[in-house]
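Participant: Here you go, coords_7.txt (compact mmCIF, C-alpha atoms):
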# COMPACT_ATOMS: atom_id res chain seq x y z
CA MET A 1 -76.81 24.53 14.07
CA ARG A 2 -73.55 24.19 12.19
CA ARG A 3 -72.13 22.35 15.16
CA VAL A 4 -75.16 20.24 15.98
CA VAL A 5 -75.49 18.57 12.56
CA PRO A 6 -71.91 17.16 12.42
CA PHE A 7 -72.26 16.03 16.03
CA ILE A 8 -75.44 14.09 15.23
CA VAL A 9 -73.82 12.56 12.13
CA VAL A 10 -70.78 11.46 14.16
CA LEU A 11 -73.03 10.03 16.87
CA VAL A 12 -75.19 8.04 14.44
CA VAL A 13 -72.28 6.69 12.39
CA GLY A 14 -70.33 5.86 15.52
CA THR A 15 -73.27 3.97 17.00
CA ILE A 16 -73.75 1.98 13.79
CA LEU A 17 -70.03 1.10 13.62
CA LEU A 18 -69.95 0.14 17.30
CA PHE A 19 -72.94 -2.19 17.00
CA THR A 20 -71.53 -3.75 13.82
CA VAL A 21 -68.20 -4.45 15.49
CA VAL A 22 -69.74 -5.79 18.69
CA ASN A 23 -72.10 -8.09 16.79
CA SER A 24 -69.38 -9.55 14.56
CA LEU A 25 -66.81 -10.17 17.29
CA PRO A 26 -65.79 -13.80 17.82
CA PRO A 27 -66.65 -15.21 21.25
CA PHE A 28 -64.24 -14.52 24.05
CA GLY A 29 -61.14 -16.74 24.03
CA SER A 30 -61.42 -18.00 20.46
CA PHE A 31 -59.09 -17.10 17.64
CA PRO A 32 -60.29 -16.18 14.15
CA GLN A 33 -59.86 -19.01 11.67
CA ARG A 34 -57.50 -18.83 8.75
CA ARG A 35 -59.13 -18.59 5.37
CA LEU A 36 -56.10 -19.15 3.11
CA GLY A 37 -53.39 -21.69 2.52
CA ALA A 38 -52.87 -25.22 3.67
CA PHE A 39 -53.99 -24.60 7.25
CA GLU A 40 -57.53 -23.62 6.36
CA ASN A 41 -59.95 -24.14 9.25
CA GLN A 42 -57.03 -24.06 11.70
CA SER A 43 -56.17 -21.11 13.87
CA ILE A 44 -52.51 -20.12 13.82
CA GLY A 45 -52.83 -18.53 17.25
CA GLN A 46 -54.17 -21.73 18.77
CA ILE A 47 -51.38 -23.76 17.14
CA ILE A 48 -48.71 -21.43 18.53
CA LEU A 49 -50.29 -21.44 21.99
CA GLU A 50 -50.33 -25.23 22.09
CA ASN A 51 -46.87 -25.84 20.67
CA ALA A 52 -44.77 -22.90 21.89
CA PRO A 53 -43.79 -24.18 25.36
CA ARG A 54 -42.75 -27.56 23.97
CA GLN A 55 -40.91 -26.22 20.92
CA THR A 56 -39.04 -23.30 22.46
CA GLY A 57 -38.83 -24.19 26.17
CA SER A 58 -40.04 -20.73 27.12
CA ALA A 59 -42.93 -20.33 29.53
CA ASN A 60 -43.69 -16.87 28.12
CA VAL A 61 -45.41 -17.36 24.78
CA VAL A 62 -44.83 -13.75 23.78
CA THR A 63 -41.08 -14.18 24.18
CA SER A 64 -41.14 -17.41 22.21
CA VAL A 65 -42.98 -15.70 19.35
CA VAL A 66 -40.81 -12.57 19.43
CA TRP A 67 -37.44 -14.31 19.74
CA ASP A 68 -37.98 -17.77 18.30
CA TYR A 69 -40.69 -17.79 15.64
CA ARG A 70 -39.85 -14.23 14.60
CA GLY A 71 -36.28 -13.86 15.80
CA TYR A 72 -35.04 -12.48 12.50
CA ASP A 73 -37.66 -9.74 12.58
CA THR A 74 -36.77 -8.77 16.15
CA MET A 75 -33.09 -8.59 15.31
CA GLY A 76 -34.06 -6.18 12.53
CA GLU A 77 -35.90 -4.06 15.08
CA ALA A 78 -32.82 -3.96 17.28
CA THR A 79 -30.77 -2.91 14.25
CA VAL A 80 -33.23 -0.11 13.52
CA LEU A 81 -32.88 1.08 17.11
CA PHE A 82 -29.08 0.96 16.84
CA THR A 83 -29.12 3.01 13.63
CA ALA A 84 -31.53 5.55 15.09
CA VAL A 85 -29.32 6.07 18.13
CA CYS A 86 -26.29 6.53 15.88
CA GLY A 87 -28.19 9.23 14.00
CA VAL A 88 -29.31 11.00 17.18
CA LEU A 89 -25.78 11.00 18.59
CA MET A 90 -24.41 12.36 15.33
CA LEU A 91 -27.03 15.12 15.20
CA PHE A 92 -26.75 16.31 18.79
CA LEU A 93 -23.08 15.82 19.56
CA ALA A 94 -21.49 16.82 16.24
CA THR A 95 -22.24 20.54 16.62
CA ARG A 96 -19.72 20.87 19.44
CA ARG A 97 -16.81 19.86 17.26
CA GLN A 98 -17.45 22.63 14.78
CA GLU A 99 -17.14 25.38 17.36
CA MET B 1 -33.32 22.68 34.61
CA MET B 2 -29.71 21.66 34.24
CA ALA B 3 -28.93 22.66 37.79
CA GLY B 4 -31.10 19.83 39.04
CA MET B 5 -33.98 19.80 41.46
CA THR B 6 -34.42 20.21 45.21
CA THR B 7 -32.86 18.09 47.93
CA ILE B 8 -36.04 16.07 48.43
CA VAL B 9 -36.13 14.96 44.82
CA ARG B 10 -32.42 14.22 44.83
CA THR B 11 -32.58 12.07 47.95
CA ILE B 12 -35.63 10.13 46.83
CA SER B 13 -34.22 9.45 43.37
CA ARG B 14 -30.85 8.44 44.83
CA LEU B 15 -32.55 5.98 47.17
CA LEU B 16 -34.85 4.71 44.43
CA PHE B 17 -32.13 4.18 41.84
CA PRO B 18 -30.79 0.76 42.95
CA PHE B 19 -34.29 -0.67 43.26
CA MET B 20 -35.27 0.53 39.80
CA PHE B 21 -32.06 -0.90 38.39
CA LEU B 22 -32.66 -4.23 40.15
CA PHE B 23 -36.25 -4.38 38.92
CA GLY B 24 -35.07 -3.75 35.37
CA VAL B 25 -32.53 -6.54 35.63
CA TYR B 26 -35.23 -8.82 37.06
CA VAL B 27 -37.61 -8.12 34.19
CA LEU B 28 -34.74 -8.68 31.75
CA ILE B 29 -33.47 -11.95 33.24
CA HIS B 30 -36.95 -13.44 33.65
CA GLY B 31 -37.99 -12.45 30.14
CA HIS B 32 -38.73 -16.03 29.09
CA LEU B 33 -40.78 -16.82 32.20
CA THR B 34 -42.84 -13.78 33.13
CA PRO B 35 -44.30 -10.87 31.17
CA GLY B 36 -41.54 -8.56 30.08
CA GLY B 37 -38.29 -9.17 28.28
CA GLY B 38 -35.23 -7.48 26.95
CA PHE B 39 -36.90 -4.38 25.58
CA GLN B 40 -38.98 -3.70 28.68
CA GLY B 41 -36.19 -4.39 31.16
CA GLY B 42 -33.77 -2.23 29.19
CA VAL B 43 -36.22 0.66 29.21
CA ILE B 44 -36.62 0.39 33.01
CA ILE B 45 -32.84 0.40 33.49
CA ALA B 46 -32.50 3.42 31.22
CA ALA B 47 -35.29 5.21 33.08
CA ALA B 48 -33.33 4.81 36.33
CA PHE B 49 -30.34 6.63 34.85
CA VAL B 50 -32.50 9.33 33.26
CA MET B 51 -34.24 9.88 36.62
CA LEU B 52 -30.87 10.56 38.27
CA TRP B 53 -29.89 12.98 35.52
CA LEU B 54 -33.15 14.87 35.81
CA ALA B 55 -32.83 15.13 39.58
CA TYR B 56 -29.14 16.03 39.80
CA GLY B 57 -28.40 17.68 36.51
CA LEU B 58 -25.89 16.31 34.05
CA GLU B 59 -22.74 17.56 35.78
CA GLN B 60 -23.38 16.52 39.38
CA SER B 61 -24.81 13.07 38.77
CA PRO B 62 -23.51 10.53 41.30
CA ILE B 63 -23.25 7.90 38.55
CA GLY B 64 -20.14 8.11 36.45
CA PHE B 65 -20.81 8.16 32.74
CA GLU B 66 -18.41 7.77 29.85
CA LEU B 67 -19.68 8.27 26.35
CA PHE B 68 -17.20 5.99 24.66
CA ARG B 69 -17.69 3.07 27.03
CA THR B 70 -21.46 3.27 26.70
CA GLU B 71 -21.19 3.25 22.92
CA ILE B 72 -18.96 0.18 23.11
CA LEU B 73 -21.48 -1.51 25.40
CA GLU B 74 -24.29 -0.76 22.97
CA ALA B 75 -22.33 -2.29 20.12
CA ILE B 76 -21.64 -5.37 22.27
CA GLY B 77 -25.36 -5.74 22.94
CA GLY B 78 -26.15 -5.57 19.26
CA LEU B 79 -23.34 -7.96 18.38
CA THR B 80 -24.65 -10.50 20.89
CA LEU B 81 -27.84 -10.90 18.88
CA ALA B 82 -26.03 -11.45 15.60
CA THR B 83 -23.53 -13.79 17.24
CA VAL B 84 -26.21 -15.97 18.82
CA GLY B 85 -28.02 -16.11 15.49
CA LEU B 86 -24.87 -17.04 13.58
CA VAL B 87 -23.82 -19.65 16.15
CA GLY B 88 -27.24 -21.22 15.78
CA PHE B 89 -26.76 -21.15 12.03
CA ALA B 90 -23.37 -22.83 12.26
CA MET B 91 -23.77 -25.35 15.10
CA GLY B 92 -27.50 -25.78 15.56
CA VAL B 93 -29.99 -27.29 13.23
CA GLY B 94 -28.79 -25.14 10.35
CA LYS B 95 -31.35 -22.40 10.90
CA PHE B 96 -30.66 -18.78 11.73
CA PHE B 97 -31.47 -18.39 15.45
CA GLY B 98 -31.60 -22.17 15.82
CA HIS B 99 -31.27 -23.33 19.40
CA VAL B 100 -27.79 -24.43 20.51
CA LEU B 101 -28.30 -24.62 24.27
CA PRO B 102 -30.64 -27.30 25.65
CA LEU B 103 -34.24 -26.32 26.22
CA GLY B 104 -34.28 -27.41 29.87
CA THR B 105 -37.38 -27.90 31.95
CA LEU B 106 -40.25 -25.52 31.43
CA GLY B 107 -40.39 -22.76 34.01
CA ASN B 108 -36.81 -22.90 35.28
CA LEU B 109 -34.64 -19.80 35.13
CA LEU B 110 -32.03 -21.63 33.05
CA SER B 111 -34.32 -22.89 30.32
CA GLY B 112 -35.54 -21.83 26.93
CA GLY B 113 -32.41 -22.52 24.93
CA ASP B 114 -30.89 -19.33 23.52
CA LEU B 115 -33.79 -17.06 24.51
CA PRO B 116 -32.23 -15.75 27.78
CA LEU B 117 -29.03 -14.85 25.91
CA LEU B 118 -31.01 -12.94 23.30
CA ASN B 119 -33.02 -11.18 26.01
CA ILE B 120 -29.85 -10.11 27.82
CA GLY B 121 -28.28 -8.88 24.59
CA VAL B 122 -31.25 -6.81 23.54
CA GLY B 123 -31.65 -5.53 27.11
CA ILE B 124 -28.10 -4.20 27.15
CA GLU B 125 -28.61 -2.62 23.76
CA VAL B 126 -31.93 -0.94 24.59
CA ALA B 127 -30.72 0.35 27.97
CA THR B 128 -27.53 1.88 26.58
CA SER B 129 -29.36 3.22 23.51
CA LEU B 130 -31.91 5.18 25.53
CA VAL B 131 -29.25 6.39 27.97
CA LEU B 132 -27.19 7.62 25.02
CA VAL B 133 -30.16 9.40 23.44
CA PHE B 134 -31.03 11.20 26.66
CA TYR B 135 -27.37 12.03 27.30
CA ALA B 136 -26.99 13.56 23.85
CA MET B 137 -30.12 15.69 24.22
CA LEU B 138 -29.28 16.86 27.76
CA ARG B 139 -25.70 17.62 26.70
CA LYS B 140 -26.95 19.69 23.79
CA VAL B 141 -29.23 21.68 26.12
CA ALA B 142 -26.30 22.27 28.50
CA TRP B 143 -24.14 23.54 25.65
CA ASP B 144 -26.83 25.85 24.36
CA GLU B 145 -27.37 27.36 27.80
CA LYS B 146 -23.71 28.32 28.12
The structure given in the file should be rewritten as structure tokens.
Facilitator:
Amino acid sequence: MRRVVPFIVVLVVGTILLFTVVNSLPPFGSFPQRRLGAFENQSIGQIILENAPRQTGSANVVTSVVWDYRGYDTMGEATVLFTAVCGVLMLFLATRRQE
Amino acid sequence: MMAGMTTIVRTISRLLFPFMFLFGVYVLIHGHLTPGGGFQGGVIIAAAFVMLWLAYGLEQSPIGFELFRTEILEAIGGLTLATVGLVGFAMGVGKFFGHVLPLGTLGNLLSGGDLPLLNIGVGIEVATSLVLVFYAMLRKVAWDEK
């Protein structure tokens, strides 16, 4: 009994959430519209998809977003990776020098 | 574990290594044309080296490894990104990461402006980073077992 009641609650709530999400999904292939700013009623995803090959010369839209529209952010990610590796090397290889 | 695995695993991983390396380089070079890019290609290249270490053990690996050189290579990979960004800032349209090289025709291997350079730089950095992390951990295990 103590296991059945939580299971039923999870099942009911999960079903309600699933139906809510499925009913409010946009149709396949369409981007959600922006609600704020100057580009109201325009989808930023659609704009990037249309303009990326012409603006960046890259056939891969993901690469053009990652390295061109957001290149500064990606360089920060690479810096984070570099710093993390420096920390790992320091942690694992520094113990030898003490012995 | 540090002694490596059986002959079957060693032979297979030795034969598989160049193909994995080549596939990683392919994913890295074609980052602006096909799915993939610097991060993914670098991870595949690093996985090839880690596979050899797991099969052979750290000491008997057929691939020579020098800690200092790999660290230098990682720094070069990271510096490439900053250099390309700064060159775009200085010579390009005055934007950080502005394109200096011509965009070329869409779909060619030599196209996309500076994007292939950035992909190669980050690929070198990711590959050497993961190799260094695994080397440090395996080396620590080898020391602790002694």
Participant: To one decimal in Å, tell me the separation between CA of Gly123 in chain B and CA of Glu59 in chain B.
Facilitator: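 Atom-to-atom, CA of Gly123 in chain B to CA of Glu59 in chain B, that is 26.2 Å.
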Participant: Quick one: distance from CA of Ser58 in chain A to CA of Gly41 in chain B in Å, one decimal?
Facilitator: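 Here the two named atoms are 17.3 Å from each other.
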Participant: Hey, what's within 9 Å of range 27-37 of chain B if we count all atoms listed in the file and toss same-chain stuff fewer than 6 positions away? As an MDAnalysis selection string, please?
Facilitator: (chainID A and resid 57:64) or (chainID B and resid 44 106:109 111:112 115:116 119:120 122:123)
Participant: With all atoms listed in the file as the atoms that count, which of B:Ile124, B:Leu54, B:Leu118, B:Val100 lies nearest to Ala75 in chain B?
Facilitator: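 Distance minimum relative to Ala75 in chain B lands on B:Ile124.
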Participant: Could you name the residues that touch Met75 in chain A at 12 Å or less, counting only C-alpha atoms, but leaving out those on the same chain fewer than 4 positions away, as an MDAnalysis selection string?
Facilitator: (chainID A and resid 66:71 79:82) or (chainID B and resid 38:39 77:86 96:97 118:119 121:122 125)
Participant: Find, counting only C-alpha atoms, the residue in B:Val43, B:Met137, B:Leu132, B:Glu145 that gets nearest to Phe65 in chain B.
Facilitator: B:Leu132
Participant: Would you mind telling me which residue in A:Ile44, A:Asp73, A:Pro53, A:Leu18 lies nearest to chain B when using only C-alpha atoms?
Facilitator: A:Pro53
Participant: Let me make sure I understand: among B:Gly88, B:Pro62, B:Gly24, B:Gly104, which one has the smallest atom-to-atom distance to chain A if we use only C-alpha atoms?
Facilitator: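 Checking each of B:Gly88, B:Pro62, B:Gly24, B:Gly104 against chain A, counting only C-alpha atoms, the winner is B:Gly104.
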Participant: My list of candidates is B:Met5, B:Leu73, B:Leu16, B:Leu52. Which is closest to Val126 in chain B when distances are computed with all atoms listed in the file?
Facilitator: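 Between B:Met5, B:Leu73, B:Leu16, B:Leu52, the residue approaching Val126 in chain B most closely is B:Leu73.
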Participant: Using all atoms listed in the file, pick whichever of B:Leu15, B:Leu103, B:Met20, B:Val50 has the shortest atom-to-atom distance to chain A.
Facilitator: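 Closest residue, counting all atoms listed in the file: B:Leu103.
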Participant: What is the distance between CA of Ala127 in chain B and CA of Gly87 in chain A, in Å to one decimal?
Facilitator: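 Computing it gives 16.7 Å between the two atoms.
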